[in-house]
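A.B. asks: One structure coming up, written as structure tokens, with questions to follow.
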Amino acid sequence: MLCCLCNERDAKVHLTYETPEKAKVIERIDLCEECARKHQLNQLTEAGFSMADLLSAVKKARRSP
């Protein structure tokens with residue numbers, strides 16, 4: 001499975017999030033180690049973060065070149 005951001009390298013980091021709303025939506029993010037590092041995923045998880053913020057950041061990164 002390829003990284004959902006770069007679409008070049010194998011995804012090694014897999015995150016799944018289910019929204020708390022009644023109509024549950026499952027978001028899945030598959031990142032290569034380089035993109036996870038680039039987007040400072042390790043710092044986010046160590047410091048605590050909102051999954052919604054992470055999903056928003058990844059979606060924003062997908063749209064930017």
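Naming works like this for the structure tokens: A, B, ... for the chains as they're shown, residue 1 at the start of each chain, ligands 1 onward in shown order.
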Any idea what's packed within 9 Å of Val58 in chain A, counting only C-alpha atoms, ignoring anything in its chain fewer than 3 positions away? Could you give it as a list in words?
C.D. replies: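 In the requested form, the answer reads Cys4, Leu5, Ile29, His39, Asp53, Leu54, Leu55, Ala61, Arg62 and Arg63 of chain A.
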A.B. asks: Once you have the residues from the selection above, write them out as a PDB file, in the first residue's frame, restricted to N, CA and C atoms.
C.D. replies:
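The result, written out as part31.pdb:
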```
ATOM      1  N   CYS A   4      -0.462   7.796   1.377  1.00  0.00           N
ATOM      2  CA  CYS A   4      -1.559   8.593   0.835  1.00  0.00           C
ATOM      3  C   CYS A   4      -1.147  10.029   0.542  1.00  0.00           C
ATOM      4  N   LEU A   5       0.048  10.445   0.976  1.00  0.00           N
ATOM      5  CA  LEU A   5       0.506  11.794   0.674  1.00  0.00           C
ATOM      6  C   LEU A   5       1.421  11.844  -0.539  1.00  0.00           C
ATOM      7  N   ILE A  29      -5.589   6.749   7.388  1.00  0.00           N
ATOM      8  CA  ILE A  29      -4.430   7.463   6.878  1.00  0.00           C
ATOM      9  C   ILE A  29      -3.270   6.483   6.843  1.00  0.00           C
ATOM     10  N   HIS A  39       5.800  15.437   8.523  1.00  0.00           N
ATOM     11  CA  HIS A  39       4.650  16.099   9.133  1.00  0.00           C
ATOM     12  C   HIS A  39       4.671  15.978  10.653  1.00  0.00           C
ATOM     13  N   ASP A  53      -7.507  17.212  14.393  1.00  0.00           N
ATOM     14  CA  ASP A  53      -6.465  18.123  13.913  1.00  0.00           C
ATOM     15  C   ASP A  53      -5.497  17.399  12.996  1.00  0.00           C
ATOM     16  N   LEU A  54      -5.146  16.171  13.343  1.00  0.00           N
ATOM     17  CA  LEU A  54      -4.232  15.391  12.517  1.00  0.00           C
ATOM     18  C   LEU A  54      -4.858  15.096  11.155  1.00  0.00           C
ATOM     19  N   LEU A  55      -6.111  14.678  11.148  1.00  0.00           N
ATOM     20  CA  LEU A  55      -6.800  14.402   9.885  1.00  0.00           C
ATOM     21  C   LEU A  55      -6.863  15.660   9.023  1.00  0.00           C
ATOM     22  N   ALA A  61      -2.298  18.657   3.616  1.00  0.00           N
ATOM     23  CA  ALA A  61      -1.037  18.269   2.969  1.00  0.00           C
ATOM     24  C   ALA A  61      -1.295  17.549   1.656  1.00  0.00           C
ATOM     25  N   ARG A  62      -2.367  16.790   1.575  1.00  0.00           N
ATOM     26  CA  ARG A  62      -2.715  16.086   0.323  1.00  0.00           C
ATOM     27  C   ARG A  62      -2.991  17.072  -0.798  1.00  0.00           C
ATOM     28  N   ARG A  63      -3.591  18.222  -0.449  1.00  0.00           N
ATOM     29  CA  ARG A  63      -3.952  19.214  -1.460  1.00  0.00           C
ATOM     30  C   ARG A  63      -2.770  20.079  -1.886  1.00  0.00           C
TER      31      ARG A  63
END
```
A.B. asks: Name all residues at most 7 Å from range 13-21 of chain A (count only C-alpha atoms; drop same-chain ones fewer than 5 positions away) and give them as a ChimeraX atom specification.
C.D. replies: /A:26-33
A.B. asks: Put those residues in a file: C-alpha atoms, as a CSV table (one decimal), in the first residue's frame.
C.D. replies:
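Wrote part13.csv, looks like this:
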```
chain,number,residue,atom,x,y,z
A,26,ILE,CA,-14.0,5.9,9.4
A,27,GLU,CA,-11.0,7.8,8.2
A,28,ARG,CA,-7.8,5.9,7.4
A,29,ILE,CA,-4.4,7.5,6.9
A,30,ASP,CA,-1.5,5.4,5.5
A,31,LEU,CA,1.8,7.2,5.6
A,32,CYS,CA,5.4,6.3,4.7
A,33,GLU,CA,8.0,6.9,7.4
```
A.B. asks: Taking only C-alpha atoms into account, which of A:Lys60, A:Leu2, A:Ala11, A:Ala23 comes nearest Ala36 in chain A?
C.D. replies: A:Ala11
